[in-house]
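This is query-v3.txt (compact mmCIF, C-alpha atoms).
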```
# COMPACT_ATOMS: atom_id res chain seq x y z
CA MET A 1 -33.38 -54.44 25.94
CA ARG A 2 -33.45 -56.47 22.75
CA PRO A 3 -36.43 -56.54 20.38
CA LEU A 4 -38.80 -59.27 21.57
CA ALA A 5 -38.27 -61.27 18.38
CA GLU A 6 -34.59 -61.74 19.31
CA TYR A 7 -35.36 -63.58 22.55
CA SER A 8 -35.27 -67.35 22.31
CA TRP A 9 -37.71 -69.75 23.91
CA ARG A 10 -35.05 -70.46 26.52
CA ASP A 11 -34.81 -66.72 27.25
CA TRP A 12 -38.55 -66.62 27.89
CA GLN A 13 -38.33 -69.64 30.18
CA LEU A 14 -35.73 -67.75 32.22
CA PHE A 15 -37.84 -64.55 32.20
CA ARG A 16 -35.02 -62.63 30.54
CA PRO A 17 -37.28 -60.25 28.57
CA LEU A 18 -38.93 -59.25 31.85
CA THR A 19 -35.70 -58.82 33.80
CA HIS A 20 -34.08 -56.95 30.90
CA CYS A 21 -37.09 -54.65 30.70
CA TYR A 22 -36.97 -53.99 34.44
CA LYS A 23 -33.24 -53.24 34.41
CA THR A 24 -33.59 -51.00 31.35
CA LEU A 25 -36.37 -48.98 32.98
CA ARG A 26 -34.40 -48.76 36.24
CA TYR A 27 -31.35 -47.44 34.44
CA ALA A 28 -33.44 -44.94 32.48
CA ALA A 29 -34.97 -43.64 35.71
CA GLY A 30 -31.50 -43.21 37.21
CA ARG A 31 -30.32 -41.41 34.09
CA GLU A 32 -33.21 -38.96 34.25
CA LEU A 33 -32.52 -38.20 37.90
CA TYR A 34 -28.85 -37.64 37.14
CA VAL A 35 -29.27 -35.33 34.13
CA ARG A 36 -31.61 -33.18 36.21
CA SER A 37 -28.99 -32.78 38.96
CA PRO A 38 -27.08 -29.48 39.17
CA ALA A 39 -23.38 -29.24 38.42
CA ARG A 40 -21.06 -29.13 41.42
CA GLY A 41 -19.10 -26.16 40.14
CA GLY A 42 -17.44 -24.55 37.18
CA ALA A 43 -18.90 -22.43 34.40
CA THR A 44 -22.60 -21.84 34.84
CA ASP A 45 -22.82 -20.31 31.35
CA LEU A 46 -21.22 -23.16 29.43
CA SER A 47 -24.26 -23.77 27.21
CA ARG A 48 -24.10 -20.13 26.11
CA ARG A 49 -20.38 -20.38 25.39
CA VAL A 50 -20.76 -23.35 23.02
CA ALA A 51 -23.43 -21.64 20.88
CA GLY A 52 -22.47 -21.78 17.21
CA GLN A 53 -19.08 -23.32 18.00
CA ARG A 54 -17.34 -26.51 17.07
CA VAL A 55 -16.84 -27.92 20.54
CA LEU A 56 -14.92 -30.92 21.85
CA VAL A 57 -15.77 -31.95 25.41
CA SER A 58 -13.30 -34.10 27.33
CA ILE A 59 -14.73 -36.25 30.11
CA ALA A 60 -12.11 -36.00 32.86
CA PHE A 61 -11.87 -38.75 35.47
CA ASN A 62 -9.33 -38.74 38.31
CA ASP A 63 -6.28 -38.05 36.11
CA ALA A 64 -5.11 -34.45 36.26
CA GLU A 65 -1.88 -35.26 34.44
CA ALA A 66 -3.77 -36.64 31.43
CA ILE A 67 -5.91 -33.51 31.21
CA ALA A 68 -2.82 -31.28 31.38
CA MET A 69 -1.23 -33.31 28.58
CA GLN A 70 -4.41 -33.23 26.50
CA ALA A 71 -4.90 -29.49 27.00
CA GLU A 72 -1.36 -28.81 25.76
CA ALA A 73 -1.80 -31.02 22.70
CA MET A 74 -5.24 -29.59 21.89
CA ALA A 75 -3.96 -26.02 22.05
CA ARG A 76 -1.13 -26.89 19.69
CA PHE A 77 -2.83 -29.16 17.16
CA VAL A 78 -6.60 -28.46 17.27
CA PRO A 79 -6.73 -24.70 17.89
CA ASN A 80 -9.91 -24.04 15.93
CA ALA A 81 -12.17 -26.14 18.16
CA LEU A 82 -13.56 -24.99 21.50
CA TYR A 83 -12.04 -27.44 23.97
CA ALA A 84 -14.03 -27.87 27.20
CA ILE A 85 -13.60 -30.10 30.24
CA ALA A 86 -16.46 -31.91 31.98
CA ASP A 87 -15.05 -33.30 35.19
CA ASN A 88 -16.51 -36.62 36.33
CA SER A 89 -13.80 -37.23 38.95
CA THR A 90 -14.51 -38.96 42.25
CA ASP A 91 -11.16 -37.93 43.76
CA GLU A 92 -11.27 -34.40 45.19
CA ASP A 93 -7.54 -33.77 44.84
CA ALA A 94 -7.62 -34.78 41.20
CA ALA A 95 -10.69 -32.61 40.59
CA SER A 96 -8.96 -29.60 42.16
CA ALA A 97 -5.90 -30.10 39.98
CA ILE A 98 -8.04 -30.47 36.84
CA ALA A 99 -9.93 -27.28 37.70
CA ALA A 100 -6.59 -25.51 38.18
CA THR A 101 -5.39 -26.63 34.75
CA ALA A 102 -8.59 -25.32 33.19
CA ALA A 103 -8.28 -22.00 35.02
CA LYS A 104 -4.62 -21.60 34.03
CA ARG A 105 -5.48 -22.07 30.36
CA ALA A 106 -8.84 -20.23 30.52
CA LEU A 107 -10.64 -23.38 29.38
CA PRO A 108 -14.37 -23.90 29.88
CA TYR A 109 -14.76 -26.26 32.85
CA ILE A 110 -17.68 -27.80 34.68
CA ARG A 111 -17.78 -30.27 37.58
CA LEU A 112 -20.43 -32.88 36.91
CA PRO A 113 -22.90 -34.05 39.59
CA ARG A 114 -21.83 -36.79 41.94
CA HIS A 115 -22.74 -40.28 40.73
CA GLY A 116 -23.27 -43.45 42.70
CA TRP A 117 -21.65 -45.97 40.38
CA ARG A 118 -18.93 -48.24 41.74
CA LYS A 119 -15.39 -48.37 40.32
CA GLU A 120 -16.20 -51.45 38.26
CA GLN A 121 -19.18 -49.61 36.77
CA ALA A 122 -17.09 -46.87 35.17
CA SER A 123 -18.73 -47.33 31.76
CA ARG A 124 -22.14 -46.60 33.24
CA ALA A 125 -20.79 -43.50 34.99
CA HIS A 126 -19.27 -42.40 31.69
CA GLY A 127 -22.62 -42.80 29.95
CA HIS A 128 -24.31 -40.67 32.61
CA ALA A 129 -21.64 -38.00 32.17
CA LEU A 130 -22.15 -37.87 28.41
CA ASN A 131 -25.90 -37.68 28.81
CA TRP A 132 -25.58 -34.84 31.33
CA VAL A 133 -23.40 -32.80 28.97
CA TRP A 134 -25.73 -33.48 26.04
CA ARG A 135 -28.85 -32.49 27.94
CA ASN A 136 -27.48 -29.53 29.91
CA VAL A 137 -24.78 -28.05 27.70
CA VAL A 138 -24.89 -29.19 24.09
CA ARG A 139 -28.58 -29.40 23.28
CA PRO A 140 -29.55 -26.05 24.86
CA GLY A 141 -26.33 -24.44 23.58
CA ARG A 142 -26.90 -25.41 19.93
CA PRO A 143 -23.29 -25.57 18.69
CA GLU A 144 -22.51 -26.02 15.02
CA ALA A 145 -21.00 -29.41 15.84
CA PHE A 146 -19.81 -31.24 18.92
CA GLY A 147 -17.81 -34.24 19.99
CA PHE A 148 -16.71 -36.18 23.04
CA LEU A 149 -13.17 -37.22 23.96
CA ASP A 150 -11.67 -39.60 26.47
CA HIS A 151 -9.25 -37.73 28.72
CA ASP A 152 -6.31 -39.92 27.64
CA LEU A 153 -6.68 -39.20 23.92
CA PHE A 154 -4.05 -36.84 22.49
CA PRO A 155 -3.64 -35.30 19.02
CA THR A 156 -0.08 -35.64 17.75
CA ALA A 157 -0.40 -33.60 14.54
CA PRO A 158 -2.52 -30.68 13.26
CA ASP A 159 -6.05 -31.91 12.67
CA ASP A 160 -9.59 -30.73 12.05
CA PRO A 161 -11.69 -33.68 13.22
CA PHE A 162 -14.87 -31.83 12.23
CA ALA A 163 -13.96 -31.62 8.53
CA THR A 164 -15.65 -34.93 7.70
CA LEU A 165 -18.93 -33.64 9.16
CA GLU A 166 -19.24 -31.42 6.09
CA ARG A 167 -20.05 -34.59 4.15
CA GLN A 168 -21.84 -36.77 6.73
CA PRO A 169 -23.75 -36.33 10.01
CA VAL A 170 -21.45 -38.29 12.34
CA TYR A 171 -17.78 -39.23 12.51
CA GLY A 172 -15.49 -41.13 14.82
CA VAL A 173 -14.14 -44.56 15.64
CA LEU A 174 -16.45 -47.39 14.60
CA ARG A 175 -17.41 -50.18 16.98
CA GLN A 176 -19.87 -52.91 16.18
CA SER A 177 -21.61 -56.00 17.50
CA GLY A 178 -23.32 -58.20 14.95
CA ILE A 179 -25.65 -56.12 12.80
CA ARG A 180 -25.49 -53.17 15.20
CA TRP A 181 -22.83 -50.49 15.33
CA PHE A 182 -22.02 -47.25 17.12
CA LEU A 183 -19.25 -44.70 17.58
CA TRP A 184 -16.78 -45.26 20.40
CA ALA A 185 -17.68 -42.83 23.19
CA GLY A 186 -14.02 -41.80 23.54
CA PHE A 187 -13.95 -40.18 20.09
CA CYS A 188 -17.31 -39.38 18.51
CA LEU A 189 -18.44 -36.27 16.65
CA PHE A 190 -21.85 -35.08 15.50
CA ARG A 191 -23.27 -32.32 13.34
CA PHE A 192 -25.78 -30.68 15.63
CA ASP A 193 -28.46 -30.05 13.02
CA ALA A 194 -28.50 -33.79 12.28
CA VAL A 195 -29.20 -34.88 15.86
CA ARG A 196 -30.79 -31.91 17.66
CA ASP A 197 -34.30 -33.37 17.60
CA LEU A 198 -33.33 -36.94 18.46
CA PRO A 199 -33.67 -38.53 21.93
CA LEU A 200 -29.98 -39.31 22.16
CA ASP A 201 -28.78 -41.65 24.90
CA PHE A 202 -25.02 -42.15 25.31
CA ALA A 203 -25.40 -45.02 27.75
CA GLN A 204 -24.58 -48.66 27.12
CA ALA A 205 -27.05 -50.87 25.28
CA TRP A 206 -25.65 -53.87 27.08
CA PHE A 207 -28.39 -56.36 26.29
CA VAL A 208 -27.61 -56.00 22.57
CA GLY A 209 -23.84 -56.01 23.17
CA LEU A 210 -23.10 -52.28 22.75
CA ASP A 211 -20.83 -50.40 25.16
CA THR A 212 -21.02 -46.74 26.19
CA GLY A 213 -22.51 -44.70 23.36
CA GLY A 214 -24.37 -47.71 22.00
CA GLY A 215 -27.62 -46.45 23.50
CA ASN A 216 -27.83 -44.23 20.42
CA TRP A 217 -28.34 -47.24 18.17
CA ALA A 218 -32.13 -47.00 18.23
CA ALA A 219 -32.38 -43.21 18.00
CA LEU A 220 -29.56 -42.53 15.54
CA TYR A 221 -27.25 -45.15 14.14
CA ARG A 222 -29.82 -47.63 12.81
CA ARG A 223 -31.23 -44.81 10.69
CA LEU A 224 -27.89 -44.23 8.93
CA ASP A 225 -26.35 -46.13 6.03
CA ARG A 226 -23.11 -47.36 7.55
CA ASP A 227 -21.67 -48.24 4.15
CA ALA A 228 -22.08 -44.62 3.02
CA LEU A 229 -20.03 -43.27 5.93
CA VAL A 230 -16.31 -43.01 6.53
CA PHE A 231 -14.82 -43.60 9.96
CA MET A 232 -11.57 -42.73 11.64
CA PRO A 233 -8.91 -45.35 10.95
CA THR A 234 -7.73 -47.07 14.11
CA ARG A 235 -5.29 -49.71 15.24
CA PHE A 236 -3.95 -51.13 18.51
CA GLU A 237 -0.33 -51.94 19.24
CA PRO A 238 1.80 -52.72 22.33
CA PHE A 239 3.14 -49.52 23.86
CA ARG A 240 6.65 -50.98 23.59
CA PRO A 241 8.17 -54.07 21.94
CA GLY A 242 7.40 -57.17 23.96
CA ALA A 243 4.57 -55.60 25.98
CA ASP A 244 1.44 -57.64 26.64
CA PRO A 245 -0.69 -57.36 23.44
CA VAL A 246 -3.94 -57.59 25.45
CA HIS A 247 -3.44 -55.45 28.56
CA ASP A 248 -0.62 -53.10 27.56
CA THR A 249 -1.70 -51.60 24.25
CA ILE A 250 -2.05 -48.08 22.96
CA GLN A 251 -4.52 -47.13 20.25
CA TRP A 252 -3.94 -44.92 17.25
CA CYS A 253 -7.02 -43.12 15.92
CA GLY A 254 -5.62 -41.46 12.84
CA ALA A 255 -3.01 -39.09 14.29
CA TRP A 256 -4.59 -39.19 17.74
CA LEU A 257 -2.98 -41.36 20.41
CA HIS A 258 -5.20 -43.12 22.97
CA GLU A 259 -3.32 -44.32 26.03
CA VAL A 260 -6.01 -46.96 26.82
CA GLY A 261 -6.80 -47.42 30.50
CA GLN A 262 -6.91 -51.21 30.40
CA THR A 263 -3.42 -51.50 31.85
CA GLN A 264 -4.33 -49.54 34.97
CA ARG A 265 -7.75 -51.19 35.32
CA ALA A 266 -6.06 -54.59 35.25
CA GLY A 267 -3.95 -53.56 38.26
CA ARG A 268 -0.70 -53.58 36.30
CA VAL A 269 0.79 -50.65 38.22
CA GLN A 270 4.37 -50.89 36.95
CA GLU A 271 3.25 -51.32 33.35
CA ALA A 272 0.80 -48.43 33.65
CA GLY A 273 3.58 -46.14 34.82
CA ASP A 274 5.85 -47.29 32.01
CA LYS A 275 3.07 -46.74 29.50
CA ARG A 276 2.41 -43.18 30.71
CA ARG A 277 6.09 -42.36 30.31
CA ALA A 278 6.09 -43.85 26.80
CA VAL A 279 2.98 -41.86 25.86
CA LYS A 280 4.58 -38.67 27.15
CA GLN A 281 7.56 -39.29 24.90
CA LEU A 282 5.35 -39.98 21.90
CA ILE A 283 3.52 -36.70 22.48
CA ALA A 284 6.63 -34.66 23.32
CA ALA A 285 8.31 -35.28 19.98
CA PRO A 286 5.59 -33.74 17.75
CA LEU A 287 4.98 -30.94 20.27
CA SER A 288 8.67 -30.08 20.17
CA ALA A 289 8.74 -30.26 16.37
CA SER A 290 5.79 -27.90 16.17
CA GLY A 291 7.54 -25.32 18.31
CA ALA A 292 5.98 -26.06 21.70
CA ALA A 293 8.01 -25.46 24.81
```
Encoded form (structure tokens):
Amino acid sequence: MRPLAEYSWRDWQLFRPLTHCYKTLRYAAGRELYVRSPARGGATDLSRRVAGQRVLVSIAFNDAEAIAMQAEAMARFVPNALYAIADNSTDEDAASAIAATAAKRALPYIRLPRHGWRKEQASRAHGHALNWVWRNVVRPGRPEAFGFLDHDLFPTAPDDPFATLERQPVYGVLRQSGIRWFLWAGFCLFRFDAVRDLPLDFAQAWFVGLDTGGGNWAALYRRLDRDALVFMPTRFEPFRPGADPVHDTIQWCGAWLHEVGQTQRAGRVQEAGDKRRAVKQLIAAPLSASGAA
């Protein structure tokens, strides 16, 4: 919830501080229950495997093709990071295919606990997934550095996304709302020694306008000097000339290509298929140039 000083007299008349407090506490209780739930399968020793590593964890969700594409691009362009898959899928067929991709490539894989969020609450489910990985894998594993990726984010050139962490504690794509800011949950990296003792929360901080990952505003981001940090350059553009500039965009994060799921979430089935084909072509060219099959 917001600091009490930010609530107007009208807010108090409508009991918003009380309802916001109740909803915040309810969400926190649900988060704690979830992070204490056991994984549904996969590597039981994943926390041990990340120890001392630079690890990037992709949160998979019902898209086996995206994970296969990402795994190929990661192996080619980011070979010095430990790439792991945390599967938050609700579709069993997709989860089986994702697990098969991980097994084929000998990638660390874990199936996250079942969540009860509805389809339209995907951001909340994503926040729970990030918190589970932080609490059960990253924090006990004590890697050198770690980061989270959306499953439809693909490197298209050789890159070391952790290099900037040698000069600052966090790095990624900046998002902001008023005076508050946070790193986009789809591409955020952290030096472990800078955050290991903090009560991180990768959920939304919706009552102050921050999406998934914004829950770290109070514990982390407000303590940092934003003007002293550098962030990953980013831009949006239609996936093809003439495509809808709102629903049918792709996002460039440096040399990383984010497909952006807005097209599919908006029910634009034909456009979503066209976009996936365009993204495949954009990834295929640099993979081919680098010597990939």
Counting only C-alpha atoms, the option among A:Arg114, A:Gly147, A:Thr164, A:Ala203 closest to A:Leu189
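Looking only at the distances to A:Leu189, the closest residue turns out to be A:Gly147.
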Looking at A:Leu200, A:Ala94, A:Ala75, A:Ala163, which one is nearest to A:Gly127, with distances taken over all atoms listed in the file?
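So, comparing all the options, the nearest one is A:Leu200.
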Near A:Asn136, counting only C-alpha atoms, which residues have an atom at most 9 Å away, once you skip same-chain residues fewer than 2 positions from it, shown as a list in words?
Val35, Arg36, Leu46, Ser47, Asn131, Trp132, Val133, Trp134, Val138, Arg139, Pro140 and Gly141 of chain A
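Atom CA of A:Leu210 sits 27.3 Å away from atom CA of A:Arg142.
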Using all atoms listed in the file, list the residues that have an atom at most 9 Å from (-1.1, -48.3, 28.0), coordinates as in the file, as a list in words.
Pro238, Phe239, His247, Asp248, Thr249, Ile250, Gln251, His258, Glu259, Val260, Gly261, Gln262, Thr263, Gln264, Glu271, Ala272, Gly273, Asp274, Lys275, Arg276, Ala278 and Val279 of chain A
Determine the axis-aligned bounding box of all atoms of stretch 141-147 of chain A present in the file, pad each side by 3 Å, and express its centre and edge lengths in Å to one decimal place as JSON.
```
{"center_x": -22.4, "center_y": -29.3, "center_z": 19.3, "size_x": 15.1, "size_y": 15.8, "size_z": 14.6}
```
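Across A:Glu6, A:Asp152, A:Glu166, A:Glu32, the tightest approach to A:Ala64 is made by A:Asp152 when counting all atoms listed in the file.
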A:Gly52, A:Pro199, A:Pro113, A:Pro155: which is nearest A:Pro38, counting only C-alpha atoms?
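When distances to A:Pro38 are compared using only C-alpha atoms, the smallest one comes from A:Pro113.
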Quick check, in Å to one decimal: how far apart do atom CA of A:Gln176 and atom CA of A:Thr212 lie?
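According to the coordinates, atom CA of A:Gln176 and atom CA of A:Thr212 are separated by 11.8 Å.
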Out of A:Gln70, A:Ser177, A:Arg124, A:Ala185, which residue has the shortest atom-to-atom distance to A:Lys280 when counting only C-alpha atoms?
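For A:Lys280, the nearest of the given residues is A:Gln70.
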Work out how far atom CA of A:Asn62 is from atom CA of A:Arg135, in Å to one decimal.
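Separating atom CA of A:Arg135 from atom CA of A:Asn62 is a distance of 23.0 Å.
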Within 12 Å of A:Arg40 using only C-alpha atoms, minus same-chain residues under 6 positions, as a list in words:
Ala86, Asp87, Asn88, Ser89, Thr90, Glu92, Ala95, Ala99, Tyr109, Ile110, Arg111, Leu112, Pro113, Arg114 and His115 of chain A
Quick one: residues within 7 Å of A:Ala145, only C-alpha atoms, excluding same-chain residues fewer than 3 positions away - as a list in words?
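The contact residues come out as Gln53, Arg54, Val55, Phe190, Arg191 and Phe192 of chain A.
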Have a look at A:Cys188, A:Ala157, A:Ala125, A:Ala39 and name the one nearest to A:Val173; count all atoms listed in the file.
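Among the listed residues, A:Cys188 lies closest to A:Val173.
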If you count all atoms listed in the file, which residues fall within 10 Å of A:Cys253, apart from same-chain ones fewer than 4 positions away, as a list of chain:residue names?
A:Leu153, A:Phe154, A:Pro155, A:Gly172, A:Val173, A:Phe187, A:Phe231, A:Met232, A:Pro233, A:Thr234, A:Arg235, A:Phe236, A:Leu257, A:His258
